[in-house]
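*Asks:* Quick one, start-v3.txt (compact mmCIF, C-alpha atoms):
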```txt
# COMPACT_ATOMS: atom_id res chain seq x y z
CA MET A 16 -9.78 21.14 -12.34
CA ARG A 17 -6.31 19.58 -12.00
CA THR A 18 -6.22 15.93 -13.04
CA GLU A 19 -2.46 15.33 -13.38
CA ILE A 20 -0.47 14.91 -10.19
CA LYS A 21 3.18 15.89 -10.41
CA PHE A 22 5.35 13.64 -8.27
CA ALA A 23 8.83 12.14 -8.10
CA ALA A 24 10.44 9.15 -6.41
CA THR A 25 13.06 9.30 -3.68
CA CYS A 26 14.10 7.21 -0.68
CA ASN A 27 14.19 7.63 3.08
CA LYS A 28 16.85 9.86 4.58
CA ASN A 29 19.96 7.76 5.23
CA GLY A 30 18.36 5.10 3.05
CA THR A 31 20.37 2.08 1.95
CA ARG A 32 21.56 1.49 -1.59
CA LYS A 33 18.82 -1.13 -1.86
CA LEU A 34 16.16 1.49 -1.11
CA GLU A 35 17.76 3.90 -3.58
CA ARG A 36 17.66 1.23 -6.28
CA GLN A 37 14.03 0.54 -5.37
CA ALA A 38 13.11 4.22 -5.71
CA ARG A 39 14.93 4.49 -9.04
CA SER A 40 13.12 1.37 -10.27
CA TRP A 41 9.75 2.86 -9.29
CA ALA A 42 10.59 6.12 -11.05
CA LEU A 43 11.44 4.21 -14.23
CA GLN A 44 8.29 2.09 -14.00
CA LEU A 45 6.01 5.09 -13.45
CA GLY A 46 7.74 7.45 -15.84
CA VAL A 47 8.54 10.07 -13.19
CA PRO A 48 11.84 11.65 -12.07
CA TYR A 49 14.05 10.25 -9.35
CA VAL A 50 15.34 12.98 -7.02
CA GLU A 51 18.08 12.69 -4.42
CA ARG A 52 16.85 12.95 -0.85
CA TYR A 53 18.08 16.14 0.85
CA GLU A 54 20.60 15.52 3.60
CA ASN A 55 19.52 18.53 5.63
CA GLY A 56 16.47 19.96 3.88
CA SER A 57 12.88 18.98 4.60
CA LEU A 58 10.43 17.08 2.42
CA ASP A 59 8.42 20.30 2.11
CA ALA A 60 11.52 22.01 0.74
CA MET A 61 11.86 19.26 -1.86
CA LEU A 62 8.23 19.67 -2.91
CA GLN A 63 8.76 23.40 -3.33
CA ASP A 64 12.16 23.20 -5.06
CA PHE A 65 11.05 20.57 -7.59
CA GLN A 66 7.51 21.99 -7.91
CA LEU A 67 5.89 18.70 -6.94
CA ASP A 68 2.51 17.73 -5.53
CA ALA A 69 3.91 14.62 -3.86
CA LEU A 70 6.95 12.46 -3.22
CA LEU A 71 6.89 8.69 -3.55
CA ILE A 72 9.32 7.47 -0.89
CA ALA A 73 10.93 4.03 -0.77
CA GLY A 74 11.08 2.97 2.87
CA LYS A 75 11.88 -0.27 4.64
CA ASN A 76 8.13 -0.89 5.14
CA GLY A 77 7.22 -0.23 1.53
CA PRO A 78 6.13 2.84 -0.45
CA GLN A 79 5.02 6.05 1.25
CA LEU A 80 3.50 9.16 -0.25
CA TYR A 81 4.24 12.59 1.14
CA THR A 82 2.24 15.74 0.40
CA ARG A 83 2.05 19.08 2.14
CA GLU A 84 -0.83 17.58 4.13
CA GLY A 85 1.30 14.80 5.60
CA MET A 86 2.60 11.27 5.08
CA LEU A 87 0.51 8.40 3.75
CA LEU A 88 1.54 4.77 4.26
CA TYR A 89 -0.84 2.09 3.03
CA HIS A 90 -3.09 0.61 5.70
CA PRO A 91 -6.70 -0.62 5.43
CA GLY A 92 -7.58 1.90 8.18
CA LEU A 93 -11.31 2.29 8.69
CA GLY A 94 -11.82 -0.50 6.18
CA LYS A 95 -10.27 -2.88 8.72
CA VAL A 96 -12.59 -1.62 11.46
CA ARG A 97 -15.62 -2.07 9.20
CA TRP A 98 -14.44 -5.53 8.11
CA GLN A 99 -14.12 -6.59 11.76
CA ARG A 100 -17.60 -5.33 12.54
CA VAL A 101 -19.08 -7.31 9.68
CA MET A 102 -17.01 -10.50 9.85
CA GLN A 103 -16.34 -10.82 13.57
CA ARG A 104 -19.29 -9.08 15.21
CA HIS A 105 -21.84 -9.79 12.46
CA GLU A 106 -22.93 -6.15 12.34
CA LYS A 107 -24.47 -4.43 9.32
CA ASP A 108 -22.56 -2.04 7.08
CA ASN A 109 -24.42 0.67 5.14
CA PHE A 110 -22.30 0.16 2.02
CA LEU A 111 -23.00 -3.58 1.95
CA THR A 112 -26.70 -2.95 2.60
CA ALA A 113 -26.87 -0.56 -0.35
CA ALA A 114 -24.81 -2.74 -2.69
CA ALA A 115 -26.65 -5.97 -1.76
CA ILE A 116 -23.62 -7.98 -2.86
CA ARG A 117 -23.98 -11.75 -2.97
CA PRO A 118 -21.32 -14.48 -3.04
CA GLY A 119 -19.89 -15.08 -6.50
CA GLN A 120 -20.81 -11.68 -7.93
CA ARG A 121 -18.62 -9.25 -9.89
CA VAL A 122 -18.18 -5.81 -8.32
CA LEU A 123 -16.51 -2.73 -9.83
CA ASP A 124 -15.36 0.01 -7.46
CA CYS A 125 -14.74 3.03 -9.70
CA THR A 126 -12.98 5.12 -7.02
CA VAL A 127 -11.02 2.58 -5.02
CA GLY A 128 -8.77 4.96 -3.02
CA LEU A 129 -7.35 2.93 -0.12
CA ALA A 130 -9.81 0.10 -0.87
CA ALA A 131 -12.02 0.35 2.23
CA ASP A 132 -15.26 -0.32 0.34
CA ALA A 133 -13.54 -2.81 -1.97
CA LEU A 134 -12.40 -4.78 1.08
CA LEU A 135 -16.01 -5.10 2.25
CA ALA A 136 -17.08 -6.08 -1.27
CA SER A 137 -14.34 -8.70 -1.40
CA CYS A 138 -15.44 -10.40 1.79
CA ALA A 139 -19.04 -10.35 0.49
CA VAL A 140 -18.33 -11.93 -2.91
CA GLY A 141 -16.07 -14.59 -1.43
CA GLU A 142 -13.63 -16.84 -3.24
CA GLY A 143 -15.94 -17.29 -6.22
CA GLY A 144 -16.45 -13.57 -6.83
CA THR A 145 -14.46 -10.74 -8.37
CA VAL A 146 -13.71 -7.21 -7.14
CA ILE A 147 -11.98 -4.73 -9.43
CA GLY A 148 -11.01 -1.29 -8.18
CA LEU A 149 -10.18 1.67 -10.42
CA GLU A 150 -7.88 4.49 -9.37
CA ALA A 151 -7.24 7.43 -11.68
CA SER A 152 -4.44 8.90 -9.56
CA LEU A 153 -1.16 7.23 -10.56
CA PRO A 154 0.64 7.67 -7.19
CA LEU A 155 -2.41 6.55 -5.22
CA TRP A 156 -2.89 3.54 -7.53
CA PHE A 157 0.74 2.57 -6.93
CA LEU A 158 0.47 2.92 -3.15
CA THR A 159 -2.78 0.93 -2.90
CA SER A 160 -1.88 -1.84 -5.35
CA ARG A 161 1.50 -2.36 -3.68
CA GLY A 162 -0.02 -2.05 -0.22
CA ILE A 163 -2.71 -4.64 -0.89
CA SER A 164 -0.32 -7.20 -2.38
CA GLY A 165 2.18 -6.77 0.47
CA TYR A 166 -0.18 -6.39 3.41
CA ARG A 167 0.70 -8.69 6.31
CA GLY A 168 -1.64 -7.98 9.22
CA MET A 169 -2.58 -10.03 12.25
CA ILE A 170 -5.79 -11.31 10.63
CA PRO A 171 -5.08 -13.76 7.76
CA GLU A 172 -8.68 -13.62 6.50
CA LEU A 173 -8.53 -9.84 6.12
CA ALA A 174 -5.26 -10.05 4.19
CA ARG A 175 -6.85 -12.73 1.98
CA ASP A 176 -9.82 -10.49 1.17
CA LEU A 177 -7.49 -7.57 0.37
CA ARG A 178 -5.35 -9.63 -2.00
CA ARG A 179 -8.45 -10.72 -3.90
CA ILE A 180 -8.97 -7.10 -5.07
CA GLU A 181 -7.52 -6.23 -8.47
CA VAL A 182 -6.54 -2.55 -8.60
CA ILE A 183 -6.30 -0.97 -12.07
CA HIS A 184 -4.94 2.46 -12.95
CA ALA A 185 -7.78 3.89 -15.03
CA GLU A 186 -10.20 6.79 -15.21
CA ALA A 187 -13.72 5.53 -14.50
CA SER A 188 -15.55 6.95 -17.53
CA VAL A 189 -12.93 5.66 -19.96
CA TYR A 190 -12.88 2.19 -18.40
CA LEU A 191 -16.68 1.98 -18.22
CA ALA A 192 -17.00 2.98 -21.88
CA SER A 193 -14.81 0.02 -22.84
CA LEU A 194 -16.98 -2.57 -21.07
CA ALA A 195 -19.58 -4.87 -22.52
CA GLU A 196 -23.14 -4.67 -21.21
CA ASN A 197 -23.93 -6.50 -17.98
CA CYS A 198 -20.35 -7.54 -17.26
CA PHE A 199 -20.70 -6.57 -13.59
CA ASP A 200 -23.41 -7.06 -10.99
CA VAL A 201 -22.72 -3.88 -9.01
CA VAL A 202 -20.80 -0.68 -9.79
CA CYS A 203 -19.84 1.65 -6.91
CA PHE A 204 -18.68 5.26 -6.69
CA ASP A 205 -17.16 7.08 -3.73
CA PRO A 206 -16.20 10.44 -5.26
CA MET A 207 -14.34 13.09 -3.30
CA PHE A 208 -17.04 15.00 -1.42
CA ARG A 209 -17.90 18.49 -2.63
CA GLN A 210 -17.67 19.50 1.02
CA PRO A 211 -14.78 17.64 2.73
CA VAL A 212 -15.32 15.82 6.01
CA ARG A 213 -12.80 17.79 8.05
CA LYS A 214 -12.68 15.36 10.96
CA SER A 215 -11.43 12.56 8.70
CA SER A 216 -7.70 12.76 9.45
CA GLU A 217 -7.08 9.57 7.45
CA MET A 218 -8.19 11.38 4.29
CA THR A 219 -6.15 14.56 4.79
CA PRO A 220 -2.85 13.43 3.15
CA LEU A 221 -4.87 11.62 0.47
CA ARG A 222 -6.84 14.63 -0.76
CA PRO A 223 -3.97 16.32 -2.71
CA LEU A 224 -3.34 12.97 -4.43
CA ALA A 225 -6.90 12.36 -5.55
CA CYS A 226 -8.25 13.14 -8.99
CA CYS A 227 -11.04 15.53 -8.09
CA GLU A 228 -13.05 15.59 -11.29
CA PRO A 229 -16.72 15.49 -10.22
CA LEU A 230 -18.81 12.43 -10.95
CA THR A 231 -21.05 13.14 -13.95
CA ILE A 232 -24.46 11.79 -14.83
CA GLN A 233 -22.93 10.50 -18.09
CA THR A 234 -20.51 8.32 -16.11
CA VAL A 235 -23.39 7.01 -14.00
CA GLU A 236 -25.25 6.10 -17.20
CA LEU A 237 -22.19 4.18 -18.43
CA ALA A 238 -22.14 2.33 -15.09
CA LEU A 239 -25.80 1.38 -15.53
CA ARG A 240 -24.93 -0.14 -18.89
CA ALA A 241 -22.25 -2.28 -17.23
CA ALA A 242 -24.35 -3.36 -14.22
CA PRO A 243 -28.01 -3.34 -13.17
CA ARG A 244 -27.20 -1.74 -9.81
CA VAL A 245 -25.15 1.40 -9.15
CA VAL A 246 -24.28 2.66 -5.67
CA ILE A 247 -23.02 6.20 -5.00
CA LYS A 248 -21.66 7.54 -1.70
CA GLU A 249 -22.30 11.20 -0.92
CA ARG A 250 -23.02 13.53 1.97
CA SER A 251 -26.64 14.36 1.15
CA VAL A 252 -29.72 12.84 -0.40
CA GLU A 253 -30.15 16.00 -2.49
CA ILE A 254 -26.85 15.39 -4.32
CA LEU A 255 -27.68 11.71 -4.78
CA ARG A 256 -31.01 12.63 -6.37
CA GLU A 257 -29.08 14.65 -8.97
CA TYR A 258 -27.59 11.34 -10.13
CA GLY A 259 -31.00 9.73 -10.43
CA CYS A 260 -30.88 7.72 -7.20
CA THR A 261 -34.29 6.79 -5.84
CA GLU A 262 -33.30 4.61 -2.86
CA PHE A 263 -31.08 5.68 0.02
CA VAL A 264 -29.26 3.95 2.87
CA GLY A 265 -28.15 5.80 6.00
CA THR A 266 -29.94 7.56 8.82
CA LYS A 267 -30.20 11.30 9.40
CA TYR A 268 -27.36 10.88 11.91
CA SER A 269 -25.03 9.31 9.32
CA ALA A 270 -22.13 11.43 8.04
CA VAL A 271 -22.70 9.97 4.57
CA ARG A 272 -25.52 8.41 2.57
CA PHE A 273 -25.51 5.72 -0.09
CA GLY A 274 -27.77 6.22 -3.07
CA ILE A 275 -29.00 3.36 -5.22
CA ARG A 276 -29.89 3.56 -8.86
CA ARG A 277 -31.28 0.57 -10.71
CA ARG A 278 -31.64 0.02 -14.42
```
Could the structure of this file be written out as structure tokens, please?
*Replies:*
Amino acid sequence: MRTEIKFAATCNKNGTRKLERQARSWALQLGVPYVERYENGSLDAMLQDFQLDALLIAGKNGPQLYTREGMLLYHPGLGKVRWQRVMQRHEKDNFLTAAAIRPGQRVLDCTVGLAADALLASCAVGEGGTVIGLEASLPLWFLTSRGISGYRGMIPELARDLRRIEVIHAEASVYLASLAENCFDVVCFDPMFRQPVRKSSEMTPLRPLACCEPLTIQTVELALRAAPRVVIKERSVEILREYGCTEFVGTKYSAVRFGIRRR
């Protein structure tokens, strides 16, 4: 399976010199090419001509990622909706139920993506806790880490919980292997589903950017060494049982299930 994502930096059409300098700076930081934005050609034409999977675009509202599936600009998305349900309406969230996170704990999200689950974990651990998110995809790590640090929404508490998350560019198995025993309280996985949820339009531009290596039982075992509780998100209980999960959260009407494995 492909693990390296080929991308380049550019700026918005008719972008200012400031945006061009920003894009060049990003290219230098990430070790990728800078390409001039076509005056008349499309972004799809640029992807084809330069044989790229994605373009990192410097815009006036921050970084954007473009793939053949569409444009992705950082936003907490469904994570914001879930946060509001929990914090403002005092509703339950299946992820939080499965993770059983308490204030002050240390949580590791091994597949942070756009940080929807990490946002919920951050509000659960509070000011005294720690949430670290891992992202193996370099362009997605850049978008999320920049998006979290620069997010300015209408809800200050939500922005505070986002900024508490530390996003690290790392592959989960390598990072987990470097950890000492019991350095986290909960480790979470939300791998790309074997069967995509087609109705999830938010995920469509993200999918070509994601590192799609399947979660292995060996990685789960490394997670159990780092924390006494591991939570895995999948579409079926049958898949979760393959990872050794014995407890499950989510009804038969849920699109996804959370499996729990304890040491």
*Asks:* Is it possible to get the residues within 12 Å of (-16.3, 8.2, -14.7) (coordinates as in the file, counting only C-alpha atoms) written as a PyMOL selection string?
*Replies:* chain A and resi 123-126+149-151+185-193+202-206+226-239+247
*Asks:* Please compute the CA of Val101 in chain A-CA of Leu135 in chain A distance, one decimal, in Å.
*Replies:*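 Computing the Euclidean distance for CA of Val101 in chain A and CA of Leu135 in chain A yields 8.3 Å.
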*Asks:* For Met61 in chain A, which residue among A:Tyr81, A:Arg117, A:Asn76, A:Arg175 is the nearest when counting only C-alpha atoms?
*Replies:*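 With only C-alpha atoms as the atom set, the closest residue is A:Tyr81.
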*Asks:* Set the distance at 9 Å and use all atoms listed in the file: which residues neighbour Asp59 in chain A once local chain neighbours fewer than 5 positions away are removed? I'd like the list as a PyMOL selection string.
*Replies:* chain A and resi 64+81-83
*Asks:* Using all atoms listed in the file, can you tell me which of A:Leu80, A:Ile180, A:Leu153, A:Ile275 comes closest to Phe263 in chain A?
*Replies:*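 Looking only at the distances to Phe263 in chain A, the closest residue turns out to be A:Ile275.
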*Asks:* So that I can check the surroundings of range 102-106 of chain A, please list as a PyMOL selection string every protein, DNA and RNA residue that reaches within 9 Å of it, counting all atoms listed in the file and ignoring chain neighbours fewer than 4 positions away.
*Replies:* chain A and resi 97-98+138
*Asks:* Print the selection's residues with C-alpha atoms to a file, as a short mmCIF file (atom, residue, chain, number, x, y, z; two decimals), keeping the file's coordinate frame.
*Replies:*
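Below you can see out-v3.cif, which holds the result:
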```cif
data_model
loop_
_atom_site.label_atom_id
_atom_site.label_comp_id
_atom_site.auth_asym_id
_atom_site.auth_seq_id
_atom_site.Cartn_x
_atom_site.Cartn_y
_atom_site.Cartn_z
CA ARG A 97 -15.62 -2.07 9.20
CA TRP A 98 -14.44 -5.53 8.11
CA CYS A 138 -15.44 -10.40 1.79
#
```
*Asks:* Quick one: pull the distance between CA of Asp200 in chain A and CA of Leu221 in chain A, Å, one decimal.
*Replies:*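 Atom-to-atom, CA of Asp200 in chain A and CA of Leu221 in chain A are spaced 28.7 Å apart.
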*Asks:* For CA of Val122 in chain A and CA of Pro171 in chain A, quote the distance in Å rounded to one decimal.
*Replies:* 22.2 Å
*Asks:* With distances taken over only C-alpha atoms, which residue among A:Val140, A:Leu70, A:Val201, A:Val182 lies nearest Ser57 in chain A?
*Replies:*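 Looking only at the distances to Ser57 in chain A, the closest residue turns out to be A:Leu70.
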*Asks:* Counting all atoms listed in the file, figure out which residue out of A:Arg178, A:Arg272, A:Arg240, A:Arg161 gets nearest to Trp41 in chain A.
*Replies:*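 Of A:Arg178, A:Arg272, A:Arg240, A:Arg161, the one nearest Trp41 in chain A is A:Arg161, counting all atoms listed in the file.
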*Asks:* Calculated over all atoms listed in the file, which of the candidates A:Asn109, A:Asn55, A:Thr25, A:Thr31 has the smallest distance to Ala73 in chain A?
*Replies:*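 With all atoms listed in the file as the atom set, the closest residue is A:Thr25.
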*Asks:* Which residue, A:Gly274, A:Phe157, A:Ile254, A:Leu194, has the smallest gap to Ala241 in chain A when you use all atoms listed in the file?
*Replies:*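 Distance minimum relative to Ala241 in chain A lands on A:Leu194.
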*Asks:* Any idea what's packed within 8 Å of Val271 in chain A, counting only C-alpha atoms, ignoring anything in its chain fewer than 6 positions away? Could you give it as a list in words?
*Replies:*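 Once the nearby chain positions are removed, what remains is Lys248, Glu249, Arg250, Ser251 and Gly265 of chain A.
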*Asks:* In the coordinate frame of the file, compute which residues have an atom within 10 Å of (18.8, 20.3, -6.0) when using all atoms listed in the file, and state them as a list in words.
*Replies:* Val50, Glu51, Arg52, Tyr53, Met61, Asp64 and Phe65 of chain A
*Asks:* Please provide as a list in words all residues within 6 Å of Ile72 in chain A, with the sequence filter that same-chain residues fewer than 3 positions apart are discarded (counting all atoms listed in the file).
*Replies:*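 Once the nearby chain positions are removed, what remains is Ala24, Thr25, Cys26, Pro78 and Gln79 of chain A.
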*Asks:* Could you pull the residues within 8 Å of Ala114 in chain A, counting only C-alpha atoms, minus those fewer than 2 positions along the same chain, as JSON, numbers by chain?
*Replies:* {"A": [110, 111, 112, 116, 201, 203, 244, 245, 246, 275]}
*Asks:* Would you fill out range 86-98 of chain A with N, CA, C and O atoms and return it as a PDB file, keeping the file's coordinate frame?
*Replies:*
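This went into selection23.pdb:
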```
ATOM      1  N   MET A  86       2.083  12.523   5.613  1.00  0.00           N
ATOM      2  CA  MET A  86       2.600  11.270   5.080  1.00  0.00           C
ATOM      3  C   MET A  86       1.497  10.227   5.017  1.00  0.00           C
ATOM      4  O   MET A  86       0.672  10.112   5.928  1.00  0.00           O
ATOM      5  N   LEU A  87       1.493   9.449   3.939  1.00  0.00           N
ATOM      6  CA  LEU A  87       0.510   8.400   3.750  1.00  0.00           C
ATOM      7  C   LEU A  87       1.230   7.086   3.502  1.00  0.00           C
ATOM      8  O   LEU A  87       1.974   6.951   2.542  1.00  0.00           O
ATOM      9  N   LEU A  88       1.019   6.122   4.395  1.00  0.00           N
ATOM     10  CA  LEU A  88       1.540   4.770   4.260  1.00  0.00           C
ATOM     11  C   LEU A  88       0.341   3.847   4.149  1.00  0.00           C
ATOM     12  O   LEU A  88      -0.616   3.991   4.911  1.00  0.00           O
ATOM     13  N   TYR A  89       0.365   2.894   3.215  1.00  0.00           N
ATOM     14  CA  TYR A  89      -0.840   2.090   3.030  1.00  0.00           C
ATOM     15  C   TYR A  89      -1.219   1.317   4.287  1.00  0.00           C
ATOM     16  O   TYR A  89      -0.390   0.655   4.918  1.00  0.00           O
ATOM     17  N   HIS A  90      -2.500   1.393   4.615  1.00  0.00           N
ATOM     18  CA  HIS A  90      -3.090   0.610   5.700  1.00  0.00           C
ATOM     19  C   HIS A  90      -4.592   0.569   5.430  1.00  0.00           C
ATOM     20  O   HIS A  90      -5.165   1.568   4.992  1.00  0.00           O
ATOM     21  N   PRO A  91      -5.256  -0.559   5.682  1.00  0.00           N
ATOM     22  CA  PRO A  91      -6.700  -0.620   5.430  1.00  0.00           C
ATOM     23  C   PRO A  91      -7.520   0.334   6.295  1.00  0.00           C
ATOM     24  O   PRO A  91      -8.655   0.640   5.962  1.00  0.00           O
ATOM     25  N   GLY A  92      -6.947   0.846   7.392  1.00  0.00           N
ATOM     26  CA  GLY A  92      -7.580   1.900   8.180  1.00  0.00           C
ATOM     27  C   GLY A  92      -8.986   1.575   8.626  1.00  0.00           C
ATOM     28  O   GLY A  92      -9.261   0.524   9.212  1.00  0.00           O
ATOM     29  N   LEU A  93      -9.911   2.495   8.297  1.00  0.00           N
ATOM     30  CA  LEU A  93     -11.310   2.290   8.690  1.00  0.00           C
ATOM     31  C   LEU A  93     -11.920   1.087   7.988  1.00  0.00           C
ATOM     32  O   LEU A  93     -12.881   0.496   8.490  1.00  0.00           O
ATOM     33  N   GLY A  94     -11.353   0.708   6.844  1.00  0.00           N
ATOM     34  CA  GLY A  94     -11.820  -0.500   6.180  1.00  0.00           C
ATOM     35  C   GLY A  94     -11.629  -1.723   7.057  1.00  0.00           C
ATOM     36  O   GLY A  94     -12.480  -2.623   7.089  1.00  0.00           O
ATOM     37  N   LYS A  95     -10.524  -1.766   7.794  1.00  0.00           N
ATOM     38  CA  LYS A  95     -10.270  -2.880   8.720  1.00  0.00           C
ATOM     39  C   LYS A  95     -11.301  -2.891   9.835  1.00  0.00           C
ATOM     40  O   LYS A  95     -11.828  -3.951  10.205  1.00  0.00           O
ATOM     41  N   VAL A  96     -11.596  -1.714  10.389  1.00  0.00           N
ATOM     42  CA  VAL A  96     -12.590  -1.620  11.460  1.00  0.00           C
ATOM     43  C   VAL A  96     -13.945  -2.098  10.960  1.00  0.00           C
ATOM     44  O   VAL A  96     -14.637  -2.871  11.639  1.00  0.00           O
ATOM     45  N   ARG A  97     -14.333  -1.667   9.776  1.00  0.00           N
ATOM     46  CA  ARG A  97     -15.620  -2.070   9.200  1.00  0.00           C
ATOM     47  C   ARG A  97     -15.642  -3.568   8.915  1.00  0.00           C
ATOM     48  O   ARG A  97     -16.649  -4.246   9.148  1.00  0.00           O
ATOM     49  N   TRP A  98     -14.535  -4.095   8.384  1.00  0.00           N
ATOM     50  CA  TRP A  98     -14.440  -5.530   8.110  1.00  0.00           C
ATOM     51  C   TRP A  98     -14.628  -6.332   9.394  1.00  0.00           C
ATOM     52  O   TRP A  98     -15.338  -7.341   9.408  1.00  0.00           O
TER      53      TRP A  98
END
```
